[in-house]
$ cat start-v1.txt   # compact mmCIF, C-alpha atoms
# COMPACT_ATOMS: atom_id res chain seq x y z
CA MET H 25 0.00 0.00 0.00
CA GLY H 26 1.27 3.48 -0.80
CA GLU H 27 -0.39 6.79 0.01
CA PRO H 28 -3.23 7.16 2.52
CA ASP H 29 -6.73 7.20 1.11
CA GLY H 30 -8.38 10.50 0.27
CA SER H 31 -10.57 10.82 3.36
CA LEU H 32 -8.19 10.06 6.20
CA SER H 33 -4.44 10.62 6.51
CA ALA H 34 -3.86 7.10 7.80
CA TRP H 35 -0.99 4.91 6.66
CA PRO H 36 -1.41 1.15 7.00
CA TYR H 37 1.11 1.20 9.87
CA PRO H 38 1.81 3.45 12.86
CA VAL H 39 3.72 6.66 12.12
CA ILE H 40 6.23 7.39 14.89
CA SER H 41 8.02 10.66 15.59
CA ALA H 42 11.65 9.98 16.52
CA ASP H 43 12.10 13.46 17.98
CA SER H 44 9.39 15.30 19.89
CA HIS H 45 9.55 17.36 23.08
CA ILE H 46 7.78 18.22 26.27
CA THR H 47 7.39 21.66 27.79
CA GLU H 48 8.68 21.38 31.34
CA ALA H 49 5.91 22.16 33.82
CA PRO H 50 6.63 24.85 36.44
CA GLY H 51 7.29 22.19 39.08
CA THR H 52 9.39 19.82 36.97
CA TYR H 53 12.62 20.62 38.76
CA VAL H 54 11.49 22.23 42.02
CA ASP H 55 9.21 19.33 42.92
CA HIS H 56 11.56 16.50 41.95
CA ILE H 57 15.09 17.70 42.70
CA ASP H 58 17.17 16.56 45.65
CA PRO H 59 16.24 18.81 48.63
CA ALA H 60 19.82 20.10 48.87
CA TRP H 61 19.37 21.77 45.47
CA ARG H 62 15.76 22.93 45.77
CA ASP H 63 16.54 26.60 46.41
CA ARG H 64 18.58 26.71 43.19
CA ALA H 65 16.32 24.53 41.04
CA PRO H 66 15.18 25.90 37.66
CA ARG H 67 11.80 27.55 38.13
CA MET H 68 9.21 29.34 36.05
CA VAL H 69 8.48 32.99 36.83
CA ASP H 70 6.46 35.80 35.30
CA GLY H 71 8.99 37.96 33.47
CA GLY H 72 6.66 40.94 33.37
CA GLU H 73 5.01 42.97 30.64
CA GLY H 74 6.20 41.98 27.16
CA VAL H 75 8.40 39.15 28.48
CA GLY H 76 5.88 36.52 29.50
CA ASP H 77 6.70 33.41 31.49
CA VAL H 78 10.33 32.31 31.58
CA PHE H 79 12.40 29.62 33.23
CA LEU H 80 15.13 30.99 35.49
CA VAL H 81 18.18 28.75 35.73
CA ASP H 82 20.73 29.43 38.43
CA GLY H 83 24.12 30.15 36.89
CA MET H 84 22.80 31.04 33.42
CA LYS H 85 22.85 34.68 32.34
CA ARG H 86 19.61 34.65 30.37
CA PRO H 87 16.24 33.14 31.30
CA ILE H 88 14.60 30.70 28.92
CA PRO H 89 11.44 32.22 27.35
CA MET H 90 8.48 30.09 26.36
CA GLY H 91 7.67 31.63 22.96
CA LEU H 92 9.40 29.14 20.67
CA VAL H 93 9.13 25.99 22.76
CA ALA H 94 5.45 25.41 21.98
CA ALA H 95 4.73 27.36 18.78
CA ALA H 96 3.77 24.34 16.70
CA GLY H 97 0.98 25.15 14.29
CA LYS H 98 1.33 28.92 14.52
CA PRO H 99 1.73 30.88 11.28
CA PRO H 100 5.18 32.53 10.95
CA GLU H 101 3.83 36.00 11.60
CA GLU H 102 2.56 34.91 15.03
CA ILE H 103 5.73 33.23 16.24
CA ARG H 104 7.52 35.28 18.86
CA VAL H 105 10.16 34.58 21.48
CA LEU H 106 8.84 36.78 24.28
CA GLY H 107 5.42 37.69 25.63
CA VAL H 108 4.00 34.15 25.84
CA LYS H 109 2.37 32.77 28.99
CA PHE H 110 2.57 29.16 30.10
CA ASP H 111 -1.19 28.66 29.94
CA GLU H 112 -1.11 29.61 26.23
CA LEU H 113 1.11 26.64 25.34
CA HIS H 114 0.07 23.25 23.99
CA ARG H 115 -1.26 21.41 27.03
CA GLY H 116 0.26 18.14 25.87
CA GLY H 117 3.68 19.56 26.70
CA TRP H 118 3.09 18.65 30.33
CA ASP H 119 -0.22 16.75 30.34
CA PRO H 120 0.17 13.24 28.88
CA THR H 121 -3.56 12.74 28.37
CA ALA H 122 -3.75 15.89 26.26
CA ARG H 123 -0.62 14.72 24.45
CA LEU H 124 -2.31 11.59 23.12
CA ALA H 125 -5.07 13.72 21.58
CA GLU H 126 -2.45 16.00 20.02
CA GLN H 127 -0.75 12.95 18.52
CA GLU H 128 -4.02 11.95 16.88
CA VAL H 129 -4.46 15.42 15.36
CA ASP H 130 -1.14 14.91 13.55
CA GLY H 131 -1.71 11.26 12.64
CA VAL H 132 1.16 10.18 14.87
CA SER H 133 0.92 6.99 16.93
CA ALA H 134 3.91 7.42 19.26
CA GLU H 135 6.78 9.78 19.98
CA VAL H 136 10.32 9.61 21.32
CA ILE H 137 10.30 12.55 23.72
CA TYR H 138 13.14 14.91 24.60
CA PRO H 139 13.29 17.84 27.04
CA THR H 140 13.20 21.54 26.22
CA VAL H 141 14.68 23.45 29.15
CA GLY H 142 16.90 20.41 29.57
CA MET H 143 18.51 21.15 26.21
CA ALA H 144 19.81 24.48 27.51
CA LEU H 145 20.87 22.83 30.77
CA CYS H 146 23.22 20.60 28.78
CA ASN H 147 25.39 23.70 28.31
CA HIS H 148 25.49 24.61 32.01
CA ARG H 149 29.07 24.76 33.24
CA ASP H 150 28.37 23.40 36.75
CA PHE H 151 28.29 19.61 36.35
CA ASP H 152 27.11 19.04 39.93
CA TYR H 153 24.12 21.33 39.41
CA LYS H 154 23.46 19.84 36.00
CA ARG H 155 23.36 16.31 37.38
CA ALA H 156 20.89 17.28 40.11
CA CYS H 157 18.63 18.91 37.52
CA PHE H 158 18.82 15.93 35.19
CA GLN H 159 17.98 13.47 37.95
CA ALA H 160 14.91 15.59 38.77
CA TYR H 161 13.91 15.70 35.11
CA ASN H 162 14.29 11.94 34.74
CA ARG H 163 11.89 11.39 37.62
CA TRP H 164 9.39 13.82 36.12
CA ILE H 165 9.51 12.50 32.55
CA ALA H 166 9.23 8.91 33.78
CA GLY H 167 5.96 9.82 35.49
CA TYR H 168 4.74 11.63 32.38
CA CYS H 169 5.47 8.70 30.07
CA SER H 170 4.00 6.14 32.47
CA ALA H 171 0.54 7.38 31.44
CA SER H 172 1.01 5.63 28.07
CA PRO H 173 4.38 3.87 27.87
CA ASP H 174 3.72 2.46 24.39
CA ARG H 175 3.07 5.90 22.90
CA LEU H 176 5.24 8.19 25.07
CA LEU H 177 8.87 7.07 24.98
CA GLY H 178 11.01 9.30 27.16
CA ALA H 179 14.73 9.95 26.81
CA GLY H 180 16.50 10.47 30.12
CA GLN H 181 19.44 12.81 30.67
CA THR H 182 22.94 12.32 32.05
CA ALA H 183 25.39 15.07 32.96
CA MET H 184 28.39 12.84 32.11
CA ARG H 185 30.63 14.17 34.86
CA THR H 186 32.69 10.99 34.57
CA PRO H 187 32.38 7.76 32.57
CA GLU H 188 31.77 5.80 35.78
CA GLU H 189 28.98 8.11 36.87
CA GLY H 190 27.57 7.98 33.37
CA ILE H 191 27.26 4.21 33.65
CA ALA H 192 25.38 4.62 36.95
CA ASP H 193 23.07 7.12 35.23
CA LEU H 194 22.38 4.61 32.43
CA HIS H 195 21.25 2.02 34.95
CA ALA H 196 19.07 4.56 36.79
CA ILE H 197 17.48 5.72 33.53
CA LYS H 198 16.78 2.13 32.50
CA ALA H 199 15.24 1.39 35.91
CA LEU H 200 12.84 4.32 35.44
CA GLY H 201 11.51 2.71 32.27
CA LEU H 202 12.90 5.39 29.94
CA ARG H 203 13.83 4.30 26.43
CA GLY H 204 16.97 6.25 25.54
CA VAL H 205 19.50 8.78 26.81
CA MET H 206 20.10 12.36 25.67
CA MET H 207 23.78 13.19 26.00
CA PRO H 208 25.30 16.60 26.71
CA GLY H 209 27.52 17.81 23.89
CA VAL H 210 30.53 18.22 26.17
CA PRO H 211 31.33 15.70 28.96
CA GLY H 212 33.12 16.51 32.19
CA HIS H 213 36.03 14.16 31.60
CA GLU H 214 38.19 14.19 28.47
CA ASP H 215 36.09 13.88 25.29
CA TYR H 216 33.87 11.12 23.98
CA ASP H 217 36.49 9.52 21.73
CA HIS H 218 38.79 8.82 24.70
CA THR H 219 39.12 5.15 25.58
CA ASP H 220 38.06 5.95 29.16
CA TYR H 221 34.51 5.94 27.76
CA ASP H 222 34.71 2.38 26.43
CA GLY H 223 32.97 1.00 29.50
CA PHE H 224 30.17 3.54 29.11
CA TRP H 225 29.56 2.65 25.46
CA GLN H 226 29.52 -1.04 26.33
CA ALA H 227 27.02 -0.46 29.14
CA ALA H 228 24.69 1.38 26.77
CA ILE H 229 24.85 -1.55 24.34
CA GLU H 230 24.14 -4.11 27.05
CA LEU H 231 21.22 -2.09 28.45
CA GLY H 232 19.74 -1.51 25.00
CA LEU H 233 19.67 2.27 25.43
CA PRO H 234 20.23 4.34 22.25
CA LEU H 235 22.33 7.44 22.94
CA SER H 236 21.24 10.74 21.37
CA PHE H 237 23.07 13.96 20.61
CA HIS H 238 20.53 16.73 20.03
CA ILE H 239 21.13 20.11 18.43
CA LEU H 240 21.65 23.05 20.79
CA THR H 241 23.24 20.90 23.50
CA THR H 242 26.77 22.03 22.64
CA ARG H 243 27.93 25.60 23.11
CA GLY H 244 28.44 27.01 19.62
CA GLU H 245 30.55 29.82 18.33
CA LYS H 246 28.98 33.17 17.48
CA THR H 247 27.69 33.27 13.92
CA ARG H 248 28.09 36.14 11.51
CA GLY H 249 25.25 38.09 9.98
CA PRO H 250 21.69 38.48 11.31
CA ALA H 251 20.41 36.42 14.21
CA MET H 252 18.62 34.11 11.79
CA SER H 253 22.06 32.86 10.67
CA GLN H 254 22.15 30.88 13.92
CA PHE H 255 19.49 28.54 12.52
CA LEU H 256 21.93 27.55 9.78
CA SER H 257 24.70 26.72 12.22
CA THR H 258 22.77 24.60 14.72
CA VAL H 259 23.66 21.36 12.95
CA ARG H 260 27.40 21.93 13.32
CA GLY H 261 27.63 20.73 16.92
CA CYS H 262 26.07 17.39 16.04
CA GLN H 263 28.20 17.00 12.92
CA ASP H 264 31.38 17.57 14.90
CA ILE H 265 30.41 14.92 17.43
CA MET H 266 29.52 12.38 14.74
CA ALA H 267 32.90 12.93 13.04
CA MET H 268 34.67 12.55 16.38
CA LEU H 269 32.93 9.26 17.14
CA VAL H 270 33.70 7.89 13.67
CA LEU H 271 37.28 9.09 13.21
CA GLY H 272 38.05 8.61 16.89
CA GLY H 273 37.46 4.89 16.54
CA VAL H 274 34.49 4.62 18.90
CA PHE H 275 32.48 2.51 16.47
CA GLU H 276 35.58 0.54 15.50
CA ARG H 277 35.86 -0.52 19.15
CA HIS H 278 32.09 -0.88 19.67
CA PRO H 279 30.46 -2.03 16.42
CA ALA H 280 27.09 -2.67 18.11
CA LEU H 281 26.79 0.90 19.42
CA ARG H 282 23.90 2.98 18.03
CA VAL H 283 23.99 6.76 18.30
CA VAL H 284 21.22 9.11 17.20
CA CYS H 285 21.97 12.51 15.64
CA VAL H 286 18.82 14.43 16.54
CA GLU H 287 17.13 17.35 14.75
CA ALA H 288 20.20 18.24 12.69
CA ASP H 289 18.38 17.25 9.48
CA ALA H 290 19.78 14.56 7.18
CA GLY H 291 20.21 15.90 3.65
CA TRP H 292 23.84 16.69 4.44
CA VAL H 293 24.71 13.09 5.31
CA PRO H 294 25.79 11.85 1.83
CA HIS H 295 28.25 14.72 1.38
CA PHE H 296 29.47 14.34 4.96
CA MET H 297 30.16 10.66 4.31
CA TYR H 298 32.11 11.55 1.18
CA ARG H 299 34.05 14.26 3.00
CA MET H 300 35.07 11.94 5.83
CA ASP H 301 36.20 9.29 3.34
CA HIS H 302 38.20 11.86 1.39
CA ALA H 303 39.91 13.10 4.55
CA TYR H 304 40.68 9.56 5.71
CA LYS H 305 42.07 8.38 2.40
CA ARG H 306 44.34 11.40 1.99
CA HIS H 307 45.21 12.24 5.60
CA ARG H 308 44.66 9.14 7.73
CA TYR H 309 48.18 9.33 9.07
CA TRP H 310 47.13 12.41 11.02
CA LEU H 311 45.23 10.10 13.34
CA PRO H 312 46.93 9.17 16.63
CA PRO H 313 49.14 6.06 16.50
CA GLY H 314 47.13 2.86 16.80
CA GLN H 315 43.83 4.53 15.84
CA ALA H 316 43.47 2.85 12.46
CA LEU H 317 40.00 2.09 11.10
CA SER H 318 39.17 -1.24 9.49
CA LYS H 319 36.40 0.34 7.35
CA LEU H 320 35.88 3.64 5.61
CA PRO H 321 34.36 6.38 7.79
CA SER H 322 31.23 6.40 5.61
CA GLU H 323 30.60 2.78 6.54
CA TYR H 324 30.55 3.57 10.25
CA MET H 325 28.26 6.52 9.56
CA ALA H 326 25.93 4.23 7.61
CA ASP H 327 25.96 1.41 10.16
CA ASN H 328 26.09 3.08 13.56
CA ILE H 329 24.49 6.52 13.31
CA CYS H 330 20.76 7.16 13.01
CA VAL H 331 19.65 10.62 11.88
CA THR H 332 16.32 12.33 12.59
CA PHE H 333 14.74 15.01 10.43
CA GLN H 334 11.41 16.79 9.96
CA ASP H 335 10.64 18.54 6.67
CA ASP H 336 14.09 18.11 5.12
CA TRP H 337 12.95 17.09 1.64
CA THR H 338 16.57 16.41 0.62
CA ALA H 339 16.70 13.57 3.13
CA PHE H 340 13.79 11.88 1.38
CA ARG H 341 15.07 12.74 -2.09
CA PHE H 342 18.55 11.33 -1.51
CA ALA H 343 17.62 8.46 0.79
CA ASP H 344 19.32 6.01 -1.59
CA ALA H 345 22.61 7.91 -1.21
CA MET H 346 22.76 6.98 2.48
CA ASN H 347 21.57 4.08 4.59
CA TRP H 348 17.82 4.74 4.69
CA ARG H 349 17.55 2.08 7.38
CA ARG H 350 19.06 4.72 9.68
CA LEU H 351 16.73 7.58 8.70
CA LEU H 352 14.12 8.48 11.32
CA TRP H 353 11.31 10.93 10.60
CA ALA H 354 10.17 13.30 13.36
CA ASN H 355 7.61 16.08 13.82
CA ASP H 356 9.46 18.04 16.58
CA PHE H 357 6.18 18.78 18.36
CA PRO H 358 5.54 21.23 20.03
CA HIS H 359 8.55 23.39 19.03
CA SER H 360 8.41 26.20 16.49
CA ASP H 361 10.05 24.03 13.79
CA SER H 362 7.35 21.38 14.13
CA THR H 363 5.37 20.06 11.17
CA TRP H 364 2.33 19.56 13.47
CA PRO H 365 -0.58 19.53 12.65
CA ASP H 366 0.21 19.14 8.94
CA SER H 367 2.67 16.24 9.03
CA GLN H 368 0.50 13.87 7.03
CA ALA H 369 0.15 16.16 4.02
CA LEU H 370 3.89 16.82 4.09
CA LEU H 371 4.70 13.12 4.23
CA VAL H 372 2.40 12.29 1.33
CA GLU H 373 4.25 14.84 -0.80
CA HIS H 374 7.80 14.15 0.34
CA THR H 375 7.65 10.35 0.29
CA ALA H 376 5.83 9.98 -3.04
CA HIS H 377 8.94 8.72 -4.88
CA LEU H 378 9.96 6.19 -2.22
CA SER H 379 9.22 2.50 -2.35
CA ASP H 380 6.68 1.15 0.13
CA GLU H 381 9.55 -0.56 1.97
CA GLN H 382 11.53 2.66 2.31
CA ARG H 383 8.50 4.70 3.34
CA GLN H 384 7.47 2.28 6.06
CA ALA H 385 11.04 2.02 7.35
CA ILE H 386 11.60 5.78 7.62
CA LEU H 387 8.19 6.57 9.14
CA SER H 388 7.88 3.58 11.42
CA GLY H 389 10.09 0.53 11.19
CA ASN H 390 13.52 2.07 11.77
CA VAL H 391 12.59 3.84 14.99
CA ALA H 392 10.65 0.79 16.18
CA GLU H 393 13.70 -1.43 15.69
CA LEU H 394 16.00 1.05 17.43
CA TYR H 395 13.85 1.54 20.54
CA GLY H 396 12.23 -1.87 20.71
CA ILE H 397 8.75 -0.52 20.02
CA ASP H 398 6.02 -3.16 19.73
CA LEU H 399 4.21 -1.97 16.60
CA PRO H 400 1.11 -4.19 17.04
CA ARG H 401 0.43 -2.43 20.35
CA LEU H 402 0.18 0.98 18.70
CA PRO H 403 -2.93 2.44 17.08
CA ILE H 404 -2.80 3.48 13.46
CA GLY H 405 -2.47 7.27 13.50
CA VAL H 406 -5.50 9.09 12.12
CA ALA H 407 -5.87 12.76 11.23
CA ALA H 408 -8.22 14.83 9.14
CA ALA H 409 -7.05 15.09 5.54
$ encode --input "start-v1.txt" --output "structure tokens"
Amino acid sequence: MGEPDGSLSAWPYPVISADSHITEAPGTYVDHIDPAWRDRAPRMVDGGEGVGDVFLVDGMKRPIPMGLVAAAGKPPEEIRVLGVKFDELHRGGWDPTARLAEQEVDGVSAEVIYPTVGMALCNHRDFDYKRACFQAYNRWIAGYCSASPDRLLGAGQTAMRTPEEGIADLHAIKALGLRGVMMPGVPGHEDYDHTDYDGFWQAAIELGLPLSFHILTTRGEKTRGPAMSQFLSTVRGCQDIMAMLVLGGVFERHPALRVVCVEADAGWVPHFMYRMDHAYKRHRYWLPPGQALSKLPSEYMADNICVTFQDDWTAFRFADAMNWRRLLWANDFPHSDSTWPDSQALLVEHTAHLSDEQRQAILSGNVAELYGIDLPRLPIGVAAA
């Protein structure tokens, strides 16, 4: 079967978003953090006239406004950073019952769910504070997802102060019933290609927890030009990490490891694979002694790295130029870049040239295999055409 019928945007299988978000409720951190940190916990406050509600984070210069974090479905002229109140946001951001109804509006059957304020917290320089906040978030998101564990698949967070502590965090996240782990862009000890992390990678494999690197979780350099130029540079942090993991031999040492590059789009992947191969063939002797690769970098990229994307039509168009078994579609709900509530119409258009096998894999099967999702337990997503 190919396209949905004309009356309902329903594919003959569940459509799963591999990257969606929550909007942290005002009490997410204050109510769930270790008491020793409660006075410093991130909290929502009224920023005053023209500012709206914001999250204040101890140790961060700027508060986090609510304008963009739940602007899904708004026309461009109505999207604004400031002046938005919490009660104006999509209720499903913190209410799991409302979230299931919002999934149905978009024809989505399940979502892998990431934080919002927690993305900014990844860049906090105080690793002790960051770990306390992430432990609080993990407790909160576990409760949120418990309302419908087949349809709400939460990713926990680790501060990665040390590899040993990271392993403990993996076990705690698994025990909470969460389905993956969102990594900070910069760890507290060495960098991720160091062999000190080998035990951490192995633990993730054994626990069956995919590890995700999301955009905006690595401090980036200032971009040139207007502020909008920043949108063009957000993928760089993820690209740098993927190159480090490949060329640093992480996948050479751990061939069963799966890493997810989240919300950085995917149309760039074929050229990135070529560029890594070119660099390796011509300059592989720049690598540290003993860090030889048994395969080309593009092969590790194709085998070990999954990539999520929303309305990146180039990802669909050039799916055959990369491993489409590692492509994961997402709707990014409820953020401002989200395709909600029009995902079904977009998917009909963008996947028209794909085979049925490719379409089902990218919209459903790939993410189900990665996270161990039981497809027969999910409803078929339905939305108005």
$ residues_around --input "start-v1.txt" --residues "H:Asn328" --least-positions-apart "6" --cutoff "8 Å" --atoms "all atoms listed in the file" --output "VMD selection string"
chain H and resid 275 279 to 283
$ residues_around --input "start-v1.txt" --residues "stretch 180-190 of chain H" --least-positions-apart "3" --cutoff "6 Å" --atoms "only C-alpha atoms" --output "ChimeraX atom specification"
/H:154-155,158,162,193,197,205-206,211-213,221,224
$ axis_aligned_box --input "start-v1.txt" --around "stretch 140-148 of chain H" --padding-each-side "5 Å" --output "JSON"
{"center_x": 19.3, "center_y": 22.5, "center_z": 29.1, "size_x": 22.3, "size_y": 14.2, "size_z": 15.8}
$ closest_atom_pairs --input "start-v1.txt" --of "stretch 136-200 of chain H" --to "stretch 65-85 of chain H" --cutoff "9 Å" --atoms "all atoms listed in the file" --output "JSON lines"
{"residue": "H:Val141", "atom": "CA", "partner": "H:Phe79", "partner_atom": "CA", "distance": 7.7}
{"residue": "H:Leu145", "atom": "CA", "partner": "H:Val81", "partner_atom": "CA", "distance": 8.2}
{"residue": "H:His148", "atom": "CA", "partner": "H:Met84", "partner_atom": "CA", "distance": 7.1}
{"residue": "H:Arg149", "atom": "CA", "partner": "H:Gly83", "partner_atom": "CA", "distance": 8.2}
{"residue": "H:Asp150", "atom": "CA", "partner": "H:Gly83", "partner_atom": "CA", "distance": 8.0}
{"residue": "H:Tyr153", "atom": "CA", "partner": "H:Ala65", "partner_atom": "CA", "distance": 8.6}
{"residue": "H:Ala156", "atom": "CA", "partner": "H:Ala65", "partner_atom": "CA", "distance": 8.6}
{"residue": "H:Cys157", "atom": "CA", "partner": "H:Ala65", "partner_atom": "CA", "distance": 7.0}
$ closest_residue --input "start-v1.txt" --among "H:Gly273, H:Ile397, H:Arg350, H:Pro321" --to "H:His302" --atoms "all atoms listed in the file"
H:Pro321
$ residues_around --input "start-v1.txt" --residues "H:Asp55" --least-positions-apart "6" --cutoff "12 Å" --atoms "only C-alpha atoms" --output "list in words"
Glu48, Ala49, Trp61, Arg62, Asp63, Arg64, Ala65, Pro66, Arg67, Cys157, Gln159, Ala160, Tyr161, Arg163 and Trp164 of chain H
$ closest_residue --input "start-v1.txt" --among "H:Gly204, H:Pro36, H:Pro234, H:Gly91" --to "H:Glu112" --atoms "all atoms listed in the file"
H:Gly91
$ residues_near_point --input "start-v1.txt" --point "(10.3, 18.7, 28.2)" --cutoff "12 Å" --atoms "only C-alpha atoms" --output "VMD selection string"
chain H and resid 43 to 53 90 93 to 94 114 to 120 136 to 145 158 160 to 162 164 to 166 168 to 169 178 to 181 206 356 to 359
$ residues_near_point --input "start-v1.txt" --point "(41.4, 7.8, 4.5)" --cutoff "12 Å" --atoms "all atoms listed in the file" --output "list of chain:residue names"
H:Val270, H:Leu271, H:Met297, H:Tyr298, H:Arg299, H:Met300, H:Asp301, H:His302, H:Ala303, H:Tyr304, H:Lys305, H:Arg306, H:His307, H:Arg308, H:Tyr309, H:Trp310, H:Leu311, H:Ala316, H:Leu317, H:Ser318, H:Lys319, H:Leu320, H:Pro321, H:Ser322
$ atom_distance --input "start-v1.txt" --atom1 "atom CA of H:Leu370" --atom2 "atom CA of H:Asn355"
10.4 Å
$ residues_around --input "start-v1.txt" --residues "H:Trp225" --least-positions-apart "2" --cutoff "9 Å" --atoms "all atoms listed in the file" --output "list in words"
Ile191, Tyr221, Asp222, Gly223, Ala227, Ala228, Ile229, Glu230, Val274, His278 and Leu281 of chain H
$ residues_around --input "start-v1.txt" --residues "H:Ile40" --least-positions-apart "5" --cutoff "7 Å" --atoms "only C-alpha atoms" --output "list in words"
Val132, Ser133, Ala134, Glu135, Leu387 and Ser388 of chain H
$ atom_distance --input "start-v1.txt" --atom1 "atom CA of H:Ser172" --atom2 "atom CA of H:Leu399"
14.1 Å
$ atom_distance --input "start-v1.txt" --atom1 "atom CA of H:Ala42" --atom2 "atom CA of H:Val54"
28.3 Å
$ closest_residue --input "start-v1.txt" --among "H:Arg175, H:Leu352, H:Ser253, H:Ile265" --to "H:Gly389" --atoms "all atoms listed in the file"
H:Leu352
